[in-house]
$ cat upload_27.csv   # CSV, C-alpha atoms
chain,number,residue,atom,x,y,z
A,13,MET,CA,-9.9,16.1,-21.5
A,14,GLU,CA,-11.3,17.1,-18.1
A,15,ASN,CA,-10.0,16.0,-14.7
A,16,GLN,CA,-7.4,13.6,-16.0
A,17,ILE,CA,-5.5,13.6,-12.7
A,18,VAL,CA,-8.5,12.7,-10.7
A,19,LYS,CA,-9.4,10.0,-13.2
A,20,ARG,CA,-6.0,8.4,-12.8
A,21,PHE,CA,-6.1,8.4,-9.0
A,22,ALA,CA,-9.7,7.1,-9.1
A,23,GLU,CA,-8.5,4.2,-11.1
A,24,GLN,CA,-5.7,3.7,-8.6
A,25,TYR,CA,-8.4,3.7,-5.9
A,26,GLU,CA,-10.4,1.0,-7.6
A,27,ASN,CA,-7.3,-1.2,-8.1
A,28,MET,CA,-6.4,-0.6,-4.4
A,29,ALA,CA,-9.9,-1.5,-3.3
A,30,GLU,CA,-9.9,-4.7,-5.4
A,31,TRP,CA,-6.5,-5.7,-4.0
A,32,VAL,CA,-7.6,-5.1,-0.4
A,33,GLY,CA,-10.9,-7.0,-1.1
A,34,MET,CA,-8.8,-10.0,-2.2
A,35,ASN,CA,-7.4,-10.1,1.3
A,36,ILE,CA,-10.7,-9.5,3.0
A,37,GLU,CA,-12.8,-12.1,1.3
A,38,PRO,CA,-10.9,-15.4,1.8
A,39,LEU,CA,-10.9,-15.2,5.6
A,40,ASN,CA,-13.7,-16.9,7.6
A,41,ASP,CA,-15.2,-15.7,10.9
A,42,ASP,CA,-12.8,-17.8,12.9
A,43,GLU,CA,-9.7,-16.7,11.0
A,44,TYR,CA,-10.7,-13.1,11.6
A,45,LYS,CA,-10.3,-13.7,15.3
A,46,TRP,CA,-6.6,-14.4,14.9
A,47,GLU,CA,-4.2,-11.8,16.1
A,48,LEU,CA,-1.4,-10.5,13.9
A,49,SER,CA,1.0,-11.2,16.7
A,50,PRO,CA,0.2,-12.2,20.3
A,51,GLY,CA,-1.6,-9.3,22.0
A,52,LYS,CA,-1.7,-7.3,18.8
A,53,ASN,CA,-4.6,-6.4,16.4
A,54,HIS,CA,-6.9,-9.2,15.3
A,55,GLY,CA,-8.5,-9.5,11.9
A,56,VAL,CA,-11.8,-8.0,13.1
A,57,TRP,CA,-10.1,-4.8,14.2
A,58,LEU,CA,-8.1,-4.6,11.0
A,59,LEU,CA,-11.2,-4.9,8.9
A,60,GLY,CA,-13.1,-2.3,11.0
A,61,HIS,CA,-10.0,0.0,10.7
A,62,LEU,CA,-10.0,-0.3,6.9
A,63,ILE,CA,-13.7,0.7,7.0
A,64,THR,CA,-13.3,3.7,9.2
A,65,SER,CA,-10.1,4.9,7.5
A,66,ASP,CA,-11.8,5.0,4.2
A,67,ASP,CA,-15.2,6.3,5.4
A,68,ASP,CA,-13.7,9.6,6.6
A,69,PHE,CA,-12.3,10.2,3.1
A,70,SER,CA,-15.6,12.0,2.2
A,71,LEU,CA,-15.1,14.5,5.1
A,72,PHE,CA,-11.5,15.3,3.9
A,73,MET,CA,-12.8,15.8,0.3
A,74,GLY,CA,-15.7,18.0,1.5
A,75,ARG,CA,-18.2,15.5,0.1
A,76,GLY,CA,-20.5,14.4,2.8
A,77,GLU,CA,-20.6,12.6,6.1
A,78,MET,CA,-19.4,9.2,7.3
A,79,LEU,CA,-21.6,6.2,6.9
A,80,TYR,CA,-20.4,4.8,10.2
A,81,PRO,CA,-19.6,7.7,12.5
A,82,GLU,CA,-19.5,5.4,15.5
A,83,TYR,CA,-16.5,3.5,14.1
A,84,PRO,CA,-13.6,5.9,14.8
A,85,ALA,CA,-14.0,5.3,18.5
A,86,ILE,CA,-13.8,1.6,18.2
A,87,PHE,CA,-11.6,1.2,15.0
A,88,GLY,CA,-9.6,4.4,14.9
A,89,GLU,CA,-5.9,4.6,15.2
A,90,GLY,CA,-5.0,4.0,18.8
A,91,SER,CA,-8.5,2.7,19.8
A,92,LYS,CA,-8.3,0.1,22.6
A,93,LEU,CA,-8.3,-3.4,21.3
A,94,GLN,CA,-11.3,-5.4,22.6
A,95,SER,CA,-12.3,-9.1,22.2
A,96,VAL,CA,-13.9,-9.8,18.9
A,97,ASP,CA,-17.3,-10.4,20.5
A,98,ASN,CA,-17.4,-6.7,21.3
A,99,TYR,CA,-17.3,-5.7,17.6
A,100,PRO,CA,-19.9,-6.0,14.8
A,101,SER,CA,-20.0,-9.3,13.1
A,102,VAL,CA,-17.6,-10.1,10.2
A,103,ALA,CA,-20.5,-10.4,7.8
A,104,VAL,CA,-21.7,-6.9,8.7
A,105,LEU,CA,-18.1,-5.5,8.4
A,106,LYS,CA,-17.5,-7.1,5.0
A,107,GLU,CA,-20.7,-5.5,3.8
A,108,GLN,CA,-19.8,-2.1,5.2
A,109,TRP,CA,-16.4,-2.2,3.6
A,110,LYS,CA,-18.1,-2.6,0.2
A,111,ASN,CA,-20.5,0.3,1.1
A,112,VAL,CA,-17.6,2.6,1.9
A,113,VAL,CA,-15.8,1.7,-1.4
A,114,GLU,CA,-19.0,2.5,-3.4
A,115,LYS,CA,-19.4,5.8,-1.5
A,116,ASN,CA,-15.8,6.8,-2.3
A,117,LYS,CA,-16.1,5.8,-6.0
A,118,LYS,CA,-18.8,8.5,-6.2
A,119,VAL,CA,-16.6,11.0,-4.3
A,120,TYR,CA,-13.8,10.4,-6.9
A,121,ALA,CA,-16.3,10.8,-9.7
A,122,ASP,CA,-17.2,14.2,-8.4
A,123,LEU,CA,-13.7,15.5,-7.7
A,124,LYS,CA,-12.1,18.1,-10.0
A,125,ASP,CA,-8.4,18.5,-10.8
A,126,ALA,CA,-8.6,22.1,-9.9
A,127,GLU,CA,-9.3,21.3,-6.2
A,128,LEU,CA,-6.6,18.8,-5.6
A,129,ASP,CA,-4.0,21.3,-4.3
A,130,GLU,CA,-6.7,23.0,-2.1
A,131,ARG,CA,-6.8,22.5,1.7
A,132,HIS,CA,-8.6,19.4,2.6
A,133,GLY,CA,-12.1,19.5,4.1
A,134,MET,CA,-11.0,19.0,7.8
A,135,ILE,CA,-8.9,22.1,7.9
A,136,LYS,CA,-10.9,25.0,9.3
A,137,ASP,CA,-8.4,27.8,9.6
A,138,TYR,CA,-4.7,28.7,9.2
A,139,GLU,CA,-3.8,27.3,12.7
A,140,ASP,CA,-5.2,23.9,11.6
A,141,TYR,CA,-3.4,24.2,8.3
A,142,LYS,CA,0.0,24.8,10.0
A,143,LYS,CA,-0.4,21.7,12.3
A,144,ASP,CA,-2.0,19.4,9.7
A,145,SER,CA,0.2,16.6,8.3
A,146,PHE,CA,-1.6,16.3,5.0
A,147,LYS,CA,-2.7,19.8,4.1
A,148,THR,CA,-4.1,19.2,0.6
A,149,LYS,CA,-6.8,16.9,-0.9
A,150,MET,CA,-4.2,15.3,-3.1
A,151,SER,CA,-2.0,14.4,-0.2
A,152,VAL,CA,-5.0,12.8,1.5
A,153,ILE,CA,-5.8,10.8,-1.6
A,154,MET,CA,-2.3,9.4,-1.7
A,155,HIS,CA,-1.9,8.7,2.0
A,156,TRP,CA,-5.4,7.1,2.3
A,157,GLN,CA,-4.8,4.7,-0.5
A,158,LEU,CA,-1.3,3.7,0.6
A,159,HIS,CA,-2.5,3.3,4.2
A,160,GLN,CA,-5.2,0.8,3.0
A,161,MET,CA,-2.6,-1.3,1.2
A,162,TYR,CA,-0.4,-1.4,4.3
A,163,HIS,CA,-3.2,-3.0,6.3
A,164,ALA,CA,-4.1,-5.3,3.4
A,165,GLY,CA,-0.6,-6.6,3.8
A,166,GLN,CA,-1.4,-7.4,7.4
A,167,LEU,CA,-4.6,-9.1,6.5
A,168,GLY,CA,-2.6,-11.0,3.9
A,169,ILE,CA,-0.6,-12.5,6.7
A,170,LEU,CA,-3.8,-14.0,8.2
A,171,VAL,CA,-4.7,-15.3,4.7
A,172,SER,CA,-1.2,-17.0,4.6
A,173,ARG,CA,-1.6,-18.5,8.0
A,174,ALA,CA,-5.0,-19.8,7.0
A,175,GLY,CA,-3.2,-21.6,4.1
A,176,LYS,CA,-5.2,-19.7,1.6
A,177,SER,CA,-2.2,-18.0,-0.1
A,178,ARG,CA,0.9,-19.4,-1.7
A,179,PHE,CA,3.1,-16.8,-0.1
B,21,MET,CA,0.1,22.5,-16.3
B,22,ALA,CA,3.0,20.4,-17.5
B,23,ASP,CA,3.6,16.9,-16.3
B,24,GLU,CA,1.3,17.1,-13.3
B,25,ILE,CA,0.6,13.4,-13.1
B,26,SER,CA,4.3,12.6,-13.2
B,27,LYS,CA,4.9,15.1,-10.4
B,28,TYR,CA,2.2,13.6,-8.2
B,29,LEU,CA,3.6,10.1,-8.9
B,30,LEU,CA,7.1,11.2,-7.8
B,31,ASN,CA,5.5,12.5,-4.6
B,32,GLN,CA,3.6,9.3,-4.1
B,33,TYR,CA,6.8,7.3,-4.8
B,34,ILE,CA,8.8,9.2,-2.2
B,35,GLU,CA,6.0,8.8,0.3
B,36,THR,CA,5.8,5.1,-0.4
B,37,TRP,CA,9.5,4.5,-0.1
B,38,ASN,CA,9.7,6.4,3.2
B,39,TRP,CA,6.7,4.6,4.6
B,40,VAL,CA,8.2,1.1,3.6
B,41,ASN,CA,11.6,2.1,4.9
B,42,MET,CA,10.1,3.1,8.2
B,43,TYR,CA,9.2,-0.6,8.7
B,44,ILE,CA,12.5,-1.9,7.5
B,45,GLU,CA,14.9,0.3,9.4
B,46,PRO,CA,13.9,-0.8,13.0
B,47,LEU,CA,14.3,-4.5,12.2
B,48,SER,CA,17.7,-6.0,13.2
B,49,ASP,CA,19.4,-8.5,10.9
B,50,ASP,CA,18.2,-11.3,13.1
B,51,GLU,CA,14.6,-10.0,13.1
B,52,LEU,CA,14.7,-9.8,9.2
B,53,LYS,CA,15.4,-13.5,9.2
B,54,GLU,CA,12.1,-14.3,10.8
B,55,GLU,CA,9.1,-15.6,8.8
B,56,PHE,CA,5.9,-13.6,8.9
B,57,ALA,CA,3.9,-16.8,9.2
B,58,PRO,CA,5.2,-20.4,9.7
B,59,GLY,CA,6.7,-21.7,6.5
B,60,LYS,CA,6.0,-18.4,4.7
B,61,SER,CA,8.3,-15.7,3.4
B,62,HIS,CA,10.9,-14.3,5.7
B,63,GLY,CA,12.0,-10.7,5.9
B,64,VAL,CA,15.1,-11.3,3.8
B,65,TRP,CA,13.0,-12.6,0.9
B,66,ILE,CA,10.5,-9.7,1.2
B,67,LEU,CA,13.4,-7.1,1.2
B,68,GLY,CA,15.0,-8.8,-1.9
B,69,HIS,CA,11.6,-9.0,-3.5
B,70,LEU,CA,11.1,-5.3,-3.1
B,71,ILE,CA,14.6,-4.6,-4.5
B,72,LYS,CA,13.9,-6.8,-7.5
B,73,TYR,CA,10.6,-4.9,-8.4
B,74,GLU,CA,12.2,-1.5,-7.8
B,75,ASP,CA,15.0,-2.5,-10.1
B,76,ASP,CA,12.6,-3.7,-12.7
B,77,PHE,CA,10.9,-0.3,-12.8
B,78,SER,CA,13.6,1.1,-15.2
B,79,LEU,CA,12.8,-1.6,-17.7
B,80,TYR,CA,9.1,-0.9,-17.5
B,81,MET,CA,9.7,2.8,-18.0
B,82,GLY,CA,12.2,2.3,-20.8
B,83,LYS,CA,14.8,4.0,-18.8
B,84,GLY,CA,17.7,1.6,-18.6
B,85,GLY,CA,18.7,-1.8,-17.4
B,86,LEU,CA,18.7,-3.7,-14.2
B,87,LEU,CA,21.4,-3.3,-11.5
B,88,TYR,CA,20.8,-6.8,-10.2
B,89,PRO,CA,19.5,-9.0,-13.0
B,90,GLU,CA,20.3,-12.1,-10.9
B,91,TYR,CA,17.6,-11.1,-8.4
B,92,ASP,CA,14.8,-12.1,-10.8
B,93,GLU,CA,15.4,-15.8,-10.1
B,94,LEU,CA,15.9,-15.3,-6.4
B,95,PHE,CA,13.2,-12.9,-5.5
B,96,ARG,CA,10.5,-12.8,-8.2
B,97,THR,CA,6.9,-13.6,-7.2
B,98,GLY,CA,6.6,-17.4,-6.9
B,99,SER,CA,10.4,-18.0,-6.5
B,100,GLU,CA,11.2,-20.9,-4.2
B,101,LEU,CA,11.8,-19.8,-0.7
B,102,GLN,CA,15.3,-20.7,0.5
B,103,PRO,CA,17.1,-20.5,3.9
B,104,VAL,CA,18.3,-16.9,4.5
B,105,GLU,CA,21.9,-18.1,4.2
B,106,ASN,CA,21.4,-18.7,0.5
B,107,TYR,CA,20.6,-15.1,-0.1
B,108,PRO,CA,22.8,-12.0,-0.3
B,109,THR,CA,23.8,-10.6,3.1
B,110,ILE,CA,21.3,-8.4,4.9
B,111,PRO,CA,23.7,-5.4,5.0
B,112,LEU,CA,24.1,-5.7,1.2
B,113,LEU,CA,20.3,-5.9,0.7
B,114,ARG,CA,19.8,-2.8,2.9
B,115,LYS,CA,22.3,-0.9,0.8
B,116,GLN,CA,20.7,-2.0,-2.5
B,117,TRP,CA,17.2,-1.0,-1.2
B,118,LYS,CA,18.5,2.5,-0.7
B,119,GLU,CA,20.2,2.5,-4.2
B,120,MET,CA,16.9,1.7,-5.7
B,121,PHE,CA,15.4,4.8,-4.2
B,122,GLU,CA,18.1,7.0,-5.8
B,123,LYS,CA,17.8,5.1,-9.2
B,124,ASN,CA,14.0,5.5,-9.4
B,125,LYS,CA,13.8,9.1,-8.1
B,126,LEU,CA,15.9,10.0,-11.1
B,127,ILE,CA,13.5,8.1,-13.5
B,128,TYR,CA,10.5,9.8,-12.0
B,129,SER,CA,12.1,13.2,-12.4
B,130,VAL,CA,12.4,12.8,-16.2
B,131,LEU,CA,9.1,11.1,-16.9
B,132,THR,CA,6.5,13.1,-18.7
B,133,ASP,CA,2.7,12.8,-18.6
B,134,GLU,CA,2.8,11.8,-22.3
B,135,GLU,CA,5.2,9.0,-21.7
B,136,LEU,CA,3.1,7.7,-18.8
B,137,LYS,CA,0.3,7.0,-21.3
B,138,GLU,CA,2.5,4.9,-23.4
B,139,SER,CA,2.8,1.1,-23.3
B,140,HIS,CA,5.3,0.0,-20.7
B,141,GLY,CA,8.8,-1.2,-21.8
B,142,LYS,CA,8.2,-4.9,-21.1
B,143,MET,CA,5.1,-5.1,-23.1
B,144,GLU,CA,4.9,-8.4,-25.2
B,145,ASN,CA,1.2,-8.7,-25.9
B,146,SER,CA,-0.9,-5.5,-25.5
B,147,GLU,CA,-4.2,-7.4,-25.2
B,148,LYS,CA,-3.1,-9.8,-22.5
B,149,ASP,CA,-0.8,-7.5,-20.5
B,150,PHE,CA,-2.2,-6.7,-17.1
B,151,PHE,CA,-0.4,-3.4,-16.6
B,152,LYS,CA,-0.5,-2.0,-20.1
B,153,THR,CA,0.8,1.6,-19.5
B,154,LYS,CA,3.8,3.0,-17.7
B,155,GLU,CA,1.4,5.0,-15.5
B,156,ARG,CA,-0.4,1.8,-14.3
B,157,VAL,CA,2.9,0.2,-13.6
B,158,ALA,CA,4.0,3.1,-11.4
B,159,MET,CA,0.7,3.0,-9.5
B,160,PHE,CA,0.7,-0.8,-9.0
B,161,TRP,CA,4.4,-0.6,-7.9
B,162,HIS,CA,3.5,1.8,-5.1
B,163,LEU,CA,0.5,-0.3,-3.9
B,164,HIS,CA,2.6,-3.5,-4.0
B,165,ALA,CA,5.4,-1.9,-1.9
B,166,MET,CA,2.9,-0.8,0.7
B,167,TYR,CA,1.4,-4.3,0.9
B,168,HIS,CA,4.8,-5.7,1.8
B,169,ALA,CA,5.3,-2.8,4.4
B,170,GLY,CA,2.3,-4.4,6.2
B,171,GLN,CA,4.2,-7.7,6.3
B,172,PHE,CA,7.3,-6.0,7.7
B,173,SER,CA,5.1,-4.4,10.4
B,174,ALA,CA,4.2,-8.0,11.6
B,175,LEU,CA,7.9,-8.7,12.0
B,176,ILE,CA,8.3,-5.5,14.0
B,177,ALA,CA,5.3,-6.6,16.3
B,178,LYS,CA,6.9,-10.0,16.6
B,179,ALA,CA,10.1,-8.4,17.8
B,180,GLY,CA,8.2,-6.4,20.4
B,181,LYS,CA,9.1,-3.1,18.7
B,182,THR,CA,6.8,-0.3,17.8
B,183,VAL,CA,7.0,2.3,15.0
$ encode --input "upload_27.csv" --output "structure tokens"
Amino acid sequence: MENQIVKRFAEQYENMAEWVGMNIEPLNDDEYKWELSPGKNHGVWLLGHLITSDDDFSLFMGRGEMLYPEYPAIFGEGSKLQSVDNYPSVAVLKEQWKNVVEKNKKVYADLKDAELDERHGMIKDYEDYKKDSFKTKMSVIMHWQLHQMYHAGQLGILVSRAGKSRF
Amino acid sequence: MADEISKYLLNQYIETWNWVNMYIEPLSDDELKEEFAPGKSHGVWILGHLIKYEDDFSLYMGKGGLLYPEYDELFRTGSELQPVENYPTIPLLRKQWKEMFEKNKLIYSVLTDEELKESHGKMENSEKDFFKTKERVAMFWHLHAMYHAGQFSALIAKAGKTV
């Protein structure tokens, strides 16, 4: 059977996205304003970060552009935390999260096992390759999925605080 | 190529463990006693919970028994949260967490792609079972561990530390 490895990790992606979604959906607009810890990221930034971190997956796989290219500046790693009023609404962000997941399901459907150990799509030359932490498409697949679960755990804390989780 | 999926899962396991550990190591024993939300799990319970599931992995893979069978009652999902004094000491839990990494790396190193397609070793009802195959167990275990890494990160932030 063809592309068995990609199929397995595509399934993992769908399970991951479902799990992350279970931590996105229960929170209301007010609960998204809560900070993880005083002065630390709030729920709105975490949700936007989940979007932008998954949106650039298509670039790394060499399969098209970002849906929301303006988001790395406001939701990327190390971006300056602003008050929630300066970000898109929670309703918009929830919809965009779903759009990115649908986009990436298509990316996975098009990937081939033979390209998994190739350099990922953001490496232009050997100098890039030497400096890059991920190097291959397979490494990006793993790191991107694990990264999303890490932030789902943080959103899960807000869900707990809201009294919407047993744990 | 032989056992490619198993090889990738080993890589993903090592990456996961290192990532989770990066958020456990900086926490002092006192910081691990903190709850991530008022009245919710503390770091000691989360660490024990991760050990319990890592230990369980050998049963699911059909590769041997538990090192700490008593942890099922203490740390399984839904177990009643107790004061940290009622749990094994934090230095012991830290040691056991590292033991799990060694135990499970060995299991991954002998797993074949054919085995990964098989029903997992704790299967009772193949229709109702959520995980079904050994491969799905491995993948869910990695996602699960990362979810809890996010909770440890909140304790790190609470302690005013950065990773």
$ interface_residues --input "upload_27.csv" --of "chain A" --to "chain B" --cutoff "6 Å" --atoms "all atoms listed in the file" --output "list in words"
Met161, Tyr162, His163, Gly165, Gln166, Arg173 and Phe179 of chain A
$ residues_around --input "upload_27.csv" --residues "Val152 of chain A" --least-positions-apart "3" --cutoff "12 Å" --atoms "all atoms listed in the file" --output "NGL selection string"
(:A and (21 or 65-66 or 68-74 or 128-135 or 144-149 or 155-159)) or (:B and (32 or 35))
$ residues_around --input "upload_27.csv" --residues "segment 111-124 of chain A" --least-positions-apart "3" --cutoff "7 Å" --atoms "all atoms listed in the file" --output "PyMOL selection string"
chain A and resi 15+18+22+29+63+66-67+70+75+107-108+127
$ atom_distance --input "upload_27.csv" --atom1 "atom CA of Val130 of chain B" --atom2 "atom CA of Ile17 of chain A"
18.3 Å
$ residues_around --input "upload_27.csv" --residues "segment 133-140 of chain B" --least-positions-apart "5" --cutoff "9 Å" --atoms "all atoms listed in the file" --output "list of chain:residue names"
B:Ala22, B:Asp23, B:Glu24, B:Ile25, B:Ser26, B:Lys27, B:Leu79, B:Tyr80, B:Met81, B:Gly82, B:Ser146, B:Phe151, B:Lys152, B:Thr153, B:Lys154, B:Glu155, B:Arg156, B:Val157, B:Ala158
$ residues_around --input "upload_27.csv" --residues "Gly84 of chain B" --least-positions-apart "6" --cutoff "10 Å" --atoms "all atoms listed in the file" --output "PyMOL selection string"
chain B and resi 75-78+127+141
$ residues_around --input "upload_27.csv" --residues "segment 95-101 of chain A" --least-positions-apart "6" --cutoff "9 Å" --atoms "only C-alpha atoms" --output "list in words"
Asp41, Tyr44, Lys45, His54, Gly55, Val56, Trp57, Gly60 and Ile86 of chain A
$ atom_distance --input "upload_27.csv" --atom1 "atom CA of Asp140 of chain A" --atom2 "atom CA of Ile153 of chain A"
18.6 Å
$ closest_residue --input "upload_27.csv" --among "B:Trp65, B:Met143, B:Glu55, B:Glu122" --to "Ile169 of chain A" --atoms "only C-alpha atoms"
B:Glu55
$ atom_distance --input "upload_27.csv" --atom1 "atom CA of Phe121 of chain B" --atom2 "atom CA of Lys19 of chain A"
26.9 Å
$ residues_near_point --input "upload_27.csv" --point "(20.7, -7.7, -5.3)" --cutoff "8 Å" --atoms "all atoms listed in the file" --output "PyMOL selection string"
chain B and resi 68+71-72+87-91+108+112-113+116
